[in-house]
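Have a look at work_13.txt below; it lists compact mmCIF, C-alpha atoms and all ligand atoms.
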```txt
# COMPACT_ATOMS: atom_id res chain seq x y z
CA MET Y 1 37.29 -1.78 2.43
CA ILE Y 2 34.57 -4.05 3.87
CA LYS Y 3 33.08 -1.03 5.62
CA ASN Y 4 32.84 0.87 2.32
CA ALA Y 5 31.25 -2.11 0.62
CA LEU Y 6 28.70 -2.44 3.42
CA CYS Y 7 27.87 1.26 3.25
CA ALA Y 8 27.41 1.04 -0.51
CA LEU Y 9 25.15 -1.96 -0.02
CA ALA Y 10 23.16 -0.14 2.67
CA LEU Y 11 22.63 2.82 0.32
CA LEU Y 12 21.45 0.47 -2.42
CA VAL Y 13 18.97 -1.14 -0.03
CA LEU Y 14 17.71 2.28 1.08
CA ALA Y 15 17.21 3.37 -2.53
CA ALA Y 16 15.46 0.10 -3.41
CA CYS Y 17 13.06 0.47 -0.49
CA THR Y 18 12.02 4.03 -1.27
CA VAL Y 19 8.64 4.04 -2.94
CA GLU Y 20 6.42 6.89 -4.08
CA ASN Y 21 3.00 6.85 -2.44
CA SER Y 22 0.36 6.90 -5.19
CA VAL Y 23 -2.09 8.93 -3.06
CA THR Y 24 0.21 11.61 -1.63
CA GLY Y 25 3.16 11.51 -4.06
CA ARG Y 26 5.51 11.46 -1.05
CA SER Y 27 8.57 9.15 -1.08
CA GLN Y 28 8.35 6.59 1.71
CA PHE Y 29 11.08 4.24 3.01
CA ILE Y 30 9.29 0.88 3.37
CA ILE Y 31 11.09 -2.47 3.54
CA ILE Y 32 7.86 -4.47 3.88
CA PRO Y 33 6.27 -5.43 0.53
CA PRO Y 34 2.56 -4.47 0.23
CA SER Y 35 1.73 -8.18 -0.08
CA GLN Y 36 2.92 -8.66 3.54
CA ASP Y 37 0.75 -5.89 5.03
CA SER Y 38 -2.37 -7.92 5.70
CA ALA Y 39 -0.48 -10.89 7.23
CA LEU Y 40 1.47 -8.57 9.55
CA GLY Y 41 -1.64 -6.63 10.52
CA LEU Y 42 -3.57 -9.81 11.22
CA GLU Y 43 -0.73 -11.21 13.34
CA ALA Y 44 -0.58 -8.00 15.39
CA LEU Y 45 -4.38 -7.94 15.77
CA ASN Y 46 -4.38 -11.53 17.05
CA GLU Y 47 -1.78 -10.51 19.64
CA VAL Y 48 -4.01 -7.62 20.75
CA LYS Y 49 -7.04 -9.93 20.99
CA LYS Y 50 -5.15 -12.16 23.46
CA THR Y 51 -4.75 -9.39 26.03
CA ALA Y 52 -7.22 -6.55 25.33
CA PRO Y 53 -11.03 -6.63 25.86
CA VAL Y 54 -11.85 -6.64 22.14
CA VAL Y 55 -15.52 -6.30 21.17
CA THR Y 56 -16.57 -7.38 17.66
CA THR Y 57 -20.35 -7.79 18.09
CA GLY Y 58 -23.19 -5.82 19.66
CA ARG Y 59 -24.30 -2.19 19.50
CA MET Y 60 -20.89 -0.53 20.06
CA ALA Y 61 -19.12 -2.68 17.48
CA GLN Y 62 -21.93 -2.24 14.95
CA ARG Y 63 -21.71 1.55 15.25
CA VAL Y 64 -17.98 1.48 14.52
CA GLN Y 65 -18.34 -1.06 11.70
CA ARG Y 66 -21.16 0.87 10.00
CA ILE Y 67 -19.17 4.12 9.88
CA GLY Y 68 -15.81 2.46 9.19
CA LYS Y 69 -17.00 0.36 6.26
CA ARG Y 70 -18.70 3.35 4.64
CA ILE Y 71 -15.42 5.29 4.77
CA ALA Y 72 -13.19 2.37 3.71
CA ALA Y 73 -15.45 1.82 0.66
CA VAL Y 74 -14.67 5.30 -0.74
CA SER Y 75 -10.96 5.24 0.24
CA ASP Y 76 -8.14 4.61 -2.23
CA LYS Y 77 -7.95 0.96 -1.10
CA PRO Y 78 -11.48 -0.41 -0.70
CA GLU Y 79 -10.10 -3.86 -1.54
CA LEU Y 80 -8.19 -4.25 1.76
CA ASP Y 81 -9.55 -6.79 4.24
CA TRP Y 82 -11.02 -4.06 6.47
CA GLU Y 83 -11.93 -4.92 10.06
CA PHE Y 84 -13.24 -2.47 12.67
CA ILE Y 85 -13.18 -3.39 16.35
CA VAL Y 86 -13.90 -1.75 19.70
CA ILE Y 87 -11.59 -2.08 22.69
CA ASP Y 88 -13.71 -1.84 25.83
CA GLU Y 89 -11.42 0.38 27.89
CA PRO Y 90 -11.98 3.94 29.19
CA VAL Y 91 -9.24 5.37 26.99
CA LEU Y 92 -9.28 8.12 24.34
CA ASN Y 93 -7.41 6.22 21.69
CA ALA Y 94 -7.64 4.70 18.23
CA TRP Y 95 -5.17 3.00 15.91
CA ALA Y 96 -4.80 1.32 12.54
CA LEU Y 97 -2.70 -1.71 11.62
CA PRO Y 98 -1.26 -2.47 8.17
CA GLY Y 99 -3.77 -4.13 5.86
CA GLY Y 100 -6.84 -2.32 7.23
CA LYS Y 101 -7.40 -3.36 10.87
CA VAL Y 102 -8.79 -0.43 12.88
CA ALA Y 103 -9.50 -0.21 16.61
CA ILE Y 104 -11.44 2.45 18.52
CA TYR Y 105 -11.48 2.57 22.34
CA ARG Y 106 -14.76 2.84 24.26
CA LYS Y 107 -14.16 6.31 25.70
CA MET Y 108 -14.12 7.68 22.15
CA LEU Y 109 -17.56 6.13 21.54
CA ASP Y 110 -18.91 7.51 24.82
CA ASN Y 111 -17.84 11.08 24.07
CA LEU Y 112 -18.09 11.58 20.30
CA SER Y 113 -21.00 12.04 17.91
CA ASP Y 114 -21.27 9.77 14.84
CA LEU Y 115 -19.92 12.61 12.70
CA GLN Y 116 -16.90 13.14 14.98
CA LEU Y 117 -16.37 9.40 15.03
CA ALA Y 118 -16.39 9.48 11.22
CA ALA Y 119 -13.51 11.97 11.41
CA VAL Y 120 -11.55 9.59 13.67
CA MET Y 121 -12.28 6.67 11.33
CA GLY Y 122 -11.29 8.71 8.26
CA HIS Y 123 -7.98 9.49 9.97
CA GLU Y 124 -7.31 5.83 10.86
CA VAL Y 125 -8.41 4.51 7.45
CA ALA Y 126 -5.99 7.01 5.89
CA HIS Y 127 -3.13 5.71 8.09
CA ALA Y 128 -3.79 2.17 6.79
CA VAL Y 129 -4.20 3.24 3.14
CA LEU Y 130 -1.02 5.34 3.24
CA ARG Y 131 0.91 2.44 4.86
CA HIS Y 132 2.11 4.54 7.78
CA GLY Y 133 2.43 1.47 10.04
CA ALA Y 134 4.67 -0.32 7.54
CA GLU Y 135 6.70 2.87 7.12
CA GLN Y 136 7.09 3.29 10.87
CA MET Y 137 8.12 -0.34 11.32
CA SER Y 138 10.61 -0.05 8.45
CA ARG Y 139 12.29 2.90 10.14
CA ALA Y 140 12.58 0.98 13.41
CA GLN Y 141 13.86 -2.08 11.56
CA ALA Y 142 16.43 -0.03 9.65
CA GLN Y 143 17.76 1.22 12.98
CA ASN Y 144 17.99 -2.38 14.20
CA MET Y 145 19.84 -3.38 11.06
CA ALA Y 146 22.25 -0.51 11.45
CA ILE Y 147 23.04 -1.79 14.95
CA ILE Y 148 23.41 -5.35 13.66
CA GLY Y 149 25.62 -4.05 10.85
CA LEU Y 150 27.93 -2.46 13.41
CA GLY Y 151 27.95 -5.76 15.29
CA VAL Y 152 29.09 -7.51 12.12
CA LEU Y 153 31.93 -5.07 11.69
CA VAL Y 154 33.28 -5.31 15.22
CA SER Y 155 32.70 -8.94 16.12
CA SER Y 156 32.60 -10.74 12.74
CA GLN Y 157 29.61 -12.88 13.64
CA THR Y 158 28.67 -16.01 11.74
CA GLU Y 159 25.76 -15.71 9.37
CA ASP Y 160 23.55 -17.82 11.63
CA GLU Y 161 24.05 -15.45 14.54
CA GLN Y 162 23.14 -12.47 12.38
CA THR Y 163 19.99 -14.21 11.20
CA ALA Y 164 19.09 -15.06 14.77
CA GLN Y 165 19.54 -11.45 15.86
CA MET Y 166 17.41 -10.21 12.97
CA ALA Y 167 14.71 -12.69 13.92
CA ILE Y 168 14.80 -11.47 17.53
CA GLY Y 169 14.44 -7.88 16.33
CA LEU Y 170 11.47 -8.71 14.12
CA GLY Y 171 9.80 -10.85 16.79
CA ALA Y 172 10.09 -8.14 19.42
CA LEU Y 173 8.55 -5.59 17.08
CA ALA Y 174 5.71 -7.90 16.08
CA ALA Y 175 4.97 -8.64 19.75
CA GLN Y 176 4.93 -4.93 20.53
CA GLY Y 177 2.64 -4.64 17.56
CA PHE Y 178 2.43 -1.57 15.44
CA VAL Y 179 0.32 -0.10 18.20
CA ALA Y 180 3.23 1.09 20.29
CA LEU Y 181 5.12 2.76 17.47
CA PRO Y 182 4.16 6.44 17.30
CA HIS Y 183 3.54 8.03 13.94
CA SER Y 184 5.53 11.09 12.97
CA ARG Y 185 3.92 14.52 12.86
CA LYS Y 186 4.10 14.42 9.08
CA MET Y 187 2.12 11.18 9.00
CA GLU Y 188 -0.45 12.60 11.40
CA LEU Y 189 -1.08 15.70 9.29
CA GLU Y 190 -1.20 13.52 6.17
CA ALA Y 191 -3.80 11.24 7.80
CA ASP Y 192 -5.85 14.32 8.80
CA HIS Y 193 -5.77 15.62 5.22
CA ILE Y 194 -6.57 12.40 3.36
CA GLY Y 195 -8.89 11.15 6.12
CA THR Y 196 -11.07 14.27 5.92
CA ILE Y 197 -11.42 13.80 2.15
CA TYR Y 198 -12.51 10.17 2.71
CA MET Y 199 -15.00 11.24 5.36
CA ALA Y 200 -16.47 13.86 2.99
CA LYS Y 201 -16.65 11.39 0.10
CA ALA Y 202 -18.52 8.96 2.37
CA GLY Y 203 -21.18 11.64 2.97
CA TYR Y 204 -20.10 12.93 6.40
CA ASP Y 205 -19.80 16.71 6.74
CA PRO Y 206 -16.00 17.28 6.89
CA ARG Y 207 -16.43 20.32 9.17
CA ASN Y 208 -16.82 17.76 11.95
CA ALA Y 209 -13.09 17.00 11.69
CA VAL Y 210 -12.57 20.45 13.22
CA THR Y 211 -15.18 19.92 15.95
CA LEU Y 212 -13.54 16.56 16.73
CA TRP Y 213 -10.24 18.19 17.62
CA GLN Y 214 -11.96 20.94 19.58
CA LYS Y 215 -13.81 18.24 21.51
CA MET Y 216 -10.59 16.28 22.07
CA ALA Y 217 -8.94 19.41 23.43
CA SER Y 218 -11.82 19.97 25.87
CA LEU Y 219 -11.72 16.32 27.00
CA LYS Y 220 -8.00 16.72 27.60
CA GLU Y 221 -8.60 19.78 29.78
CA GLY Y 222 -11.25 17.80 31.66
CA GLY Y 223 -8.50 15.89 33.44
CA GLY Y 224 -7.18 12.35 33.23
CA GLY Y 225 -3.90 13.50 31.74
CA GLN Y 226 -2.93 13.51 28.08
CA PRO Y 227 -5.14 11.14 26.07
CA THR Y 228 -3.06 8.58 24.18
CA PHE Y 229 -4.68 9.48 20.87
CA LEU Y 230 -3.27 12.99 21.24
CA SER Y 231 0.09 12.29 22.83
CA THR Y 232 1.93 11.52 19.59
CA HIS Y 233 -0.07 13.97 17.53
CA PRO Y 234 0.65 17.55 16.46
CA SER Y 235 -0.84 20.27 18.66
CA ASP Y 236 -4.60 20.72 18.48
CA ASP Y 237 -4.22 24.31 17.26
CA LYS Y 238 -1.91 23.33 14.44
CA ARG Y 239 -4.16 20.56 13.12
CA ILE Y 240 -7.34 22.63 13.54
CA ASN Y 241 -5.69 25.45 11.55
CA ARG Y 242 -4.56 23.06 8.82
CA LEU Y 243 -8.02 21.46 8.60
CA SER Y 244 -9.76 24.85 8.50
CA ASP Y 245 -7.41 26.09 5.76
CA ARG Y 246 -8.35 23.15 3.54
CA MET Y 247 -12.08 23.04 4.33
CA ASP Y 248 -13.18 24.49 0.97
CA GLU Y 249 -11.45 21.63 -0.83
CA ASP Y 250 -12.88 19.05 1.59
CA LEU Y 251 -16.40 20.49 1.22
CA SER Y 252 -16.14 20.14 -2.57
CA TYR Y 253 -15.90 16.36 -2.06
CA TYR Y 254 -18.83 16.42 0.37
CA GLN Y 255 -21.17 18.31 -1.94
CA ARG Y 256 -20.33 16.16 -4.94
ZN ZN M 1 -2.97 9.26 13.81
```
Can I see the file as C-alpha cells?
Amino acid sequence: MIKNALCALALLVLAACTVENSVTGRSQFIIIPPSQDSALGLEALNEVKKTAPVVTTGRMAQRVQRIGKRIAAVSDKPELDWEFIVIDEPVLNAWALPGGKVAIYRKMLDNLSDLQLAAVMGHEVAHAVLRHGAEQMSRAQAQNMAIIGLGVLVSSQTEDEQTAQMAIGLGALAAQGFVALPHSRKMELEADHIGTIYMAKAGYDPRNAVTLWQKMASLKEGGGGQPTFLSTHPSDDKRINRLSDRMDEDLSYYQR
C-alpha cells in the first residue's frame, strides 16, 4: 500500500521534472530549477579554484575569453553570467558548469588554432545553454533518491534522518562538482550540433569543428593515453561523420 503510494508519487515527480528544451525540443529530466543554475555553477567553480591552477588574467586567459564571449553572445542564452577560465595543466580537457562557467586546459591552448578552439568553446557553450550539467546531476540525484526511498521502505527512518541523507548526497555531488559527471553520448552529439551553429554564427568557419576532431585524434595517437576530453565522448569517426553530414546547414549560418 505504502509502496504503491510512493511509486505513484515518484512517477508524479518524474513527470513534473520533465521539461522540453526550447533549443532542441528534446524532453529532459531536470530537478534543478533554471534559477538555481548560476548559484550551483558558481559554487562548483569556487571549489575548483581552491585546488586547480586557475588562470583568469594574462595572454592565455584573454585568448579564451575573447573567443568564448563572442560565441556566448550569439548563443541562445547570451544573458547568462558567462565566465571563461584557463586551467594551467598539461591536459587535453574542457568543461562547462551550469550557468555559463567554462574551463579550458592549457594543453588545448598549446595544440589548437583559434578556429579549432572556437569549436571547443562552441561545444562547451552549448553544454551550458542546453543545461546538460543540471540534467546529468538530476539523473545522479534521482538514483540517490531511489536508494533513499528504498531505505525508507525497509528501515522506516525518521524524517530528519532522510533529510540528513539527502543533504549528504547533495553535498557529495557538489564537492565532486559537475566536472566529474560524464555527459551521455546523446548530450555530446547535441553539443557538437548546436555548438557548431553557435561557432558559425559568431563568424568562425564551422569546417574547423571537423579539423578539431581530426587533430584530437592525432594528439591521442601521439601517446599520453586517452585525453580526458575524449574519454566520455562518442568515437571520433562518428562525430566527424555527423559534423560533415550537417556542414551545409552550419555553413548557411556562417555565410549569413
Ligand atoms: Zn562535451
Counting only C-alpha atoms and all ligand atoms, which residues of chain Y sit at most 9 Å from some atom of ligand ZN 1 (chain M), and what is each one's closest atom pair with its distance in Å to one decimal, listed by chain and rising residue number, as JSON lines?
```
{"residue": "Y:Ala94", "atom": "CA", "partner": "M:ZN1", "partner_atom": "ZN", "distance": 7.9}
{"residue": "Y:Trp95", "atom": "CA", "partner": "M:ZN1", "partner_atom": "ZN", "distance": 7.0}
{"residue": "Y:Ala96", "atom": "CA", "partner": "M:ZN1", "partner_atom": "ZN", "distance": 8.2}
{"residue": "Y:Val120", "atom": "CA", "partner": "M:ZN1", "partner_atom": "ZN", "distance": 8.6}
{"residue": "Y:His123", "atom": "CA", "partner": "M:ZN1", "partner_atom": "ZN", "distance": 6.3}
{"residue": "Y:Glu124", "atom": "CA", "partner": "M:ZN1", "partner_atom": "ZN", "distance": 6.3}
{"residue": "Y:Ala126", "atom": "CA", "partner": "M:ZN1", "partner_atom": "ZN", "distance": 8.8}
{"residue": "Y:His127", "atom": "CA", "partner": "M:ZN1", "partner_atom": "ZN", "distance": 6.7}
{"residue": "Y:Pro182", "atom": "CA", "partner": "M:ZN1", "partner_atom": "ZN", "distance": 8.4}
{"residue": "Y:His183", "atom": "CA", "partner": "M:ZN1", "partner_atom": "ZN", "distance": 6.6}
{"residue": "Y:Ser184", "atom": "CA", "partner": "M:ZN1", "partner_atom": "ZN", "distance": 8.7}
{"residue": "Y:Arg185", "atom": "CA", "partner": "M:ZN1", "partner_atom": "ZN", "distance": 8.7}
{"residue": "Y:Met187", "atom": "CA", "partner": "M:ZN1", "partner_atom": "ZN", "distance": 7.3}
{"residue": "Y:Glu188", "atom": "CA", "partner": "M:ZN1", "partner_atom": "ZN", "distance": 4.8}
{"residue": "Y:Leu189", "atom": "CA", "partner": "M:ZN1", "partner_atom": "ZN", "distance": 8.1}
{"residue": "Y:Glu190", "atom": "CA", "partner": "M:ZN1", "partner_atom": "ZN", "distance": 8.9}
{"residue": "Y:Ala191", "atom": "CA", "partner": "M:ZN1", "partner_atom": "ZN", "distance": 6.4}
{"residue": "Y:Asp192", "atom": "CA", "partner": "M:ZN1", "partner_atom": "ZN", "distance": 7.7}
{"residue": "Y:Phe229", "atom": "CA", "partner": "M:ZN1", "partner_atom": "ZN", "distance": 7.3}
{"residue": "Y:Leu230", "atom": "CA", "partner": "M:ZN1", "partner_atom": "ZN", "distance": 8.3}
{"residue": "Y:Thr232", "atom": "CA", "partner": "M:ZN1", "partner_atom": "ZN", "distance": 7.9}
{"residue": "Y:His233", "atom": "CA", "partner": "M:ZN1", "partner_atom": "ZN", "distance": 6.7}
```
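Taking all atoms listed in the file into account, Y:Lys101 lies nearest to Y:Glu83 out of the set Y:Asp76, Y:Asp245, Y:Glu83, Y:Glu20.
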Report summary line: Closest of Y:Ala72, Y:Gly58, Y:Arg131, Y:Asn46 to Y:Asn21, counting all atoms listed in the file, is Y:Arg131
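For the pair atom CA of Y:Val125 and atom CA of Y:Ile71, the separation is 7.5 Å.
Compared by their closest atoms to Y:Val23, and using all atoms listed in the file, the residues Y:Asp37, Y:Gln143, Y:Ile194, Y:Leu115 rank with Y:Ile194 nearest.
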